[in-house]
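Working notes for the structure below.
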Amino acid sequence: MQKSGAQILVDSLLAEGVDTIFGYPGGVVLPIYDVLYDSELRHILTRHEQGAAHAADGYARASGKPGVCLATSGPGATNLVTGIANAYMDSVPVVAITGQVATSLLGRDSFQEADITGITLPITKHNFLIKDTKDIARTVREAFHIATSGRPGPVLIDMPKDVSTGMAEHLDPGPVQLPGYRFNHKPNPEQIARAVRAIEESERPVIYAGGGVVSGGAHGELLELAEMMLMPVATTLMGLGGFPGDHPLSVGMLGMHGSKYANYAVSESDLLIGIGVRFDDRVTSKLEEFAPGATIMHIDIDPAEIGKNMGVDIPVVGEVRLALRQIIDRLKPRVATQWRDKITVWKKEHPLDFVTNGQLKPQEVVREICNVTRSNARITTEVGQHQMFTAQYYTFTKPRTFISSGGLGTMGFGFPAAIGVQVACPDETVIDIAGDGSIQMNIQELATAVNYNLPVKIAIINNGFLGMVRQWQELFYNRRYSYTELKNPDFVKLAEAYGAVGMRVNNKSELRDVLEAALGVNKPVVLDIPVEREENVYPMVAPGEPIHKMLG
Amino acid sequence: MLHTLAVLVENSPGVLTRVAGLFSRRGFNIDSLAVGRTEDPEVSRMTIVVDGDDRVLEQVTKQLHKLVDVIKINDITADEYVDRELVLIKVNADHTQRVEVIQICDVFRARIVDMGRKTLTLECTGNHGKINALEETLRPYGIKELVRTGKIAMVRGTKNTGYQENGAKEESL
């Protein structure tokens, strides 16, 4: 039986197990939307294509399944770009589908034409421009395979209008055959043996765990390895939740705004075990003085990460879960170590701390959100001070509960991502911890949340500044606050205008009650929480300094 | 140091952009690049000459491997290989210079492929050094136009760097 290209596309998505997509209609995707009109595939209409891309990203991070977004050609497609770049930097499996002008109009600067495969070349794991209706089913299969296997990442499918309207037989494409797409699942036994020996011989080992632990489902193995060898675990921003933050072996986050004890532990280690990490500059700061006395072990699925930023002594390329399992099976447990005692002393001497006064502090807000939710919510963030405070003061104990833009640092990510998270986890509490600057970058998605009654809570930590930029101006630009002070709308009234609930925390003593009230409402709630205006995120490693030299 | 990579790629639209884009955005320097079809019409072979130390080369190779359209990469720098470039040179040669140019042509085993009233057009193949030498030798006569291909290369003997049925990417780790 012949089907239209649009029908083949939607049926192929269903065949891949997709239940929900996020999108925005437009001219050349009309044939696809016509099929969606009576399809069982759920479509969430966002109010901006960027919202759709971030929602698909949030959905993927929370569920572990690929997220799918759909947009029209030209401006629709270019509006996805930030979202796709964000997913690429954080290795999130997103399949982005864009409409394109008909093949006869390609390359002629037609109405709403943009070369989206060209534009997204450096920010996708792979992309496709389909030129023939009979290629749709195979392309969709390949796109999902590429997005979800190996090191995950976004894949874009560009679909000209005549490919959507064309008719073809919908044949099962069968297993994927991509001779150029291969990766190592299984680590090299020789490197595993070297890794085991290095761990056995180390006196001051530290685990440096990243997003690969979360996306690779290796949190159980990580916990087992750390406990058996009594190794402290520092996580990156992306790794938060990959190791329980309340565990005695946890030293929290490392790097620019990491805890002092995490950075001290790394700096004094004799073995650093990087697991699913990429030695990002926000972690290492001055590379030459990063873990200077340590043997560097690096476990990752992507061989290109080995040695990209940092010289590696023991490379282990393969699935992190498999690699950790093989290492664990060859090790004998350790009893007690002086190293662990030393870290305990550091933790006591240099705790994460801030000065309290009559004013409500952003750190107090995050801590209270953590208390009220008992570490049991899915938290998304925007980007800036509130994001770092969340990383520092919310205790994440489970993977996929902290969802934040790590690599790209996208303001405006958190709220649409929270919508995607709420769709993936309808029965859970989802909170976007936001800043007053970031939230206004995708505030239009309040309409989406209200439209689908997705009871996302937005906690705006409101200091009337672009706080992180202001902090840098204070510290490095002589307090010249150039365009960082914000004149904001009334967020409570704004929420109400959208049909959401607005609440305000007028003083410190109300905080807990208002938070609890907000969580009790089964609707989207915007919480305006005015805080101390010029609070800084500490500790902090100044740019170019080694990580053990911290301010604050 | 210059490295010569033999890269097999799917003969799909955009593959050259993908490879070239990768080099430019990661800051790798391409010295030359030549591309064309192989014995299999679905597979093209690129000969890429890259400038960089071992660390850069390792990254180049690994990043290339990540491109879905790239099937196989061989760094043949350390192998015994045959390499050739082709050059076309249009050089001034009026009746007073013509004999000299033709003699130079003979020495370099170049061929005259076109003759104008005041110019000769030569074709020459050889390795990078030979082509450079020919160019330098002809320069005093006045080169009107010059075009050269990038280098193409093939490993000597029976070792195969081409596309085989089980042409898996060779993992370096």
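Following the order of the structure tokens, chains are lettered A, B, ..., residues in each are numbered from 1, and ligands are numbered from 1.
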Inset, instruction - Enumerate as number ranges by chain the residues belonging to chain B that approach chain A to within 7 Å, with only C-alpha atoms taken into account. - result: B: 18, 59, 62-63, 68-71, 173
Could you take the residues named above and write them with N, CA and C atoms, as a compact mmCIF listing (two decimals), in the first residue's frame?
# COMPACT_ATOMS: atom_id res chain seq x y z
N ARG B 18 31.53 18.23 5.19
CA ARG B 18 31.68 17.69 6.54
C ARG B 18 33.15 17.58 6.93
N GLN B 59 44.10 13.63 17.19
CA GLN B 59 42.79 14.27 17.25
C GLN B 59 42.12 14.30 15.87
N LYS B 62 40.82 10.85 15.13
CA LYS B 62 39.67 10.46 15.96
C LYS B 62 38.42 11.26 15.60
N GLN B 63 38.61 12.54 15.34
CA GLN B 63 37.44 13.35 14.99
C GLN B 63 36.89 12.92 13.63
N VAL B 68 29.99 10.14 10.40
CA VAL B 68 29.30 8.91 9.99
C VAL B 68 29.66 8.53 8.55
N ASP B 69 29.95 9.51 7.71
CA ASP B 69 30.28 9.24 6.31
C ASP B 69 31.72 8.76 6.10
N VAL B 70 32.53 8.83 7.13
CA VAL B 70 33.92 8.39 6.98
C VAL B 70 34.02 6.90 7.30
N ILE B 71 34.53 6.14 6.32
CA ILE B 71 34.54 4.68 6.47
C ILE B 71 35.86 4.20 7.06
N LEU B 173 42.68 2.68 19.92
CA LEU B 173 42.86 2.39 21.34
C LEU B 173 42.20 1.07 21.71
Inset, instruction - Would you mind listing what lies within 9 Å of Thr344 in chain A as JSON, numbers by chain, with only C-alpha atoms counted and same-chain residues fewer than 6 positions away left out? - result: {"A": [248, 249, 261]}
Would you save the residues from that selection as a CSV table (one decimal), in the first residue's frame, using C-alpha atoms?
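This is the output file result-v4.csv:
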chain,number,residue,atom,x,y,z
A,248,PRO,CA,30.1,10.2,52.9
A,249,LEU,CA,32.5,9.6,49.9
A,261,TYR,CA,37.5,19.9,49.4
Please identify all polymer residues within 9 Å of Val430 in chain A, counting only C-alpha atoms, omitting same-chain residues fewer than 3 positions from it, and present them as a PDB file with C-alpha atoms, in the first residue's frame.
ATOM      1  CA  ALA A 377      12.137  16.428  42.779  1.00  0.00           C
ATOM      2  CA  ARG A 378      13.364  16.786  39.222  1.00  0.00           C
ATOM      3  CA  ILE A 379      15.213  20.076  39.131  1.00  0.00           C
ATOM      4  CA  THR A 380      16.031  22.032  36.019  1.00  0.00           C
ATOM      5  CA  ALA A 418      11.138  21.452  32.689  1.00  0.00           C
ATOM      6  CA  ILE A 419       8.104  21.162  30.415  1.00  0.00           C
ATOM      7  CA  VAL A 421      10.680  16.682  32.018  1.00  0.00           C
ATOM      8  CA  GLN A 422       7.112  17.022  33.259  1.00  0.00           C
ATOM      9  CA  CYS A 425       7.527  12.251  34.388  1.00  0.00           C
ATOM     10  CA  PRO A 426       3.876  13.304  34.806  1.00  0.00           C
ATOM     11  CA  PRO A 455       2.259  21.705  36.791  1.00  0.00           C
ATOM     12  CA  VAL A 456       5.868  22.870  36.499  1.00  0.00           C
ATOM     13  CA  LYS A 457       7.035  25.143  39.320  1.00  0.00           C
ATOM     14  CA  ILE A 458       9.302  28.053  38.479  1.00  0.00           C
TER      15      ILE A 458
END
Shell of 9 Å around Val147 in chain B, only C-alpha atoms, local chain residues under 2 positions omitted, as an mmCIF file with C-alpha atoms, in the first residue's frame:
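Done, and the output landed in around-v6.cif:
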data_model
loop_
_atom_site.group_PDB
_atom_site.id
_atom_site.type_symbol
_atom_site.label_atom_id
_atom_site.label_comp_id
_atom_site.auth_asym_id
_atom_site.auth_seq_id
_atom_site.Cartn_x
_atom_site.Cartn_y
_atom_site.Cartn_z
ATOM 1 C CA LEU B 86 49.589 16.820 -11.504
ATOM 2 C CA VAL B 87 50.374 20.327 -12.657
ATOM 3 C CA LEU B 88 49.388 22.337 -15.704
ATOM 4 C CA ILE B 89 51.610 25.337 -16.402
ATOM 5 C CA GLU B 145 48.898 30.463 -15.318
ATOM 6 C CA THR B 149 46.051 19.081 -7.960
#
Legend entry - From B:Thr17, B:Lys90, B:Val7, B:Asp83, residue lying nearest Gly129 in chain B [only C-alpha atoms]: B:Asp83
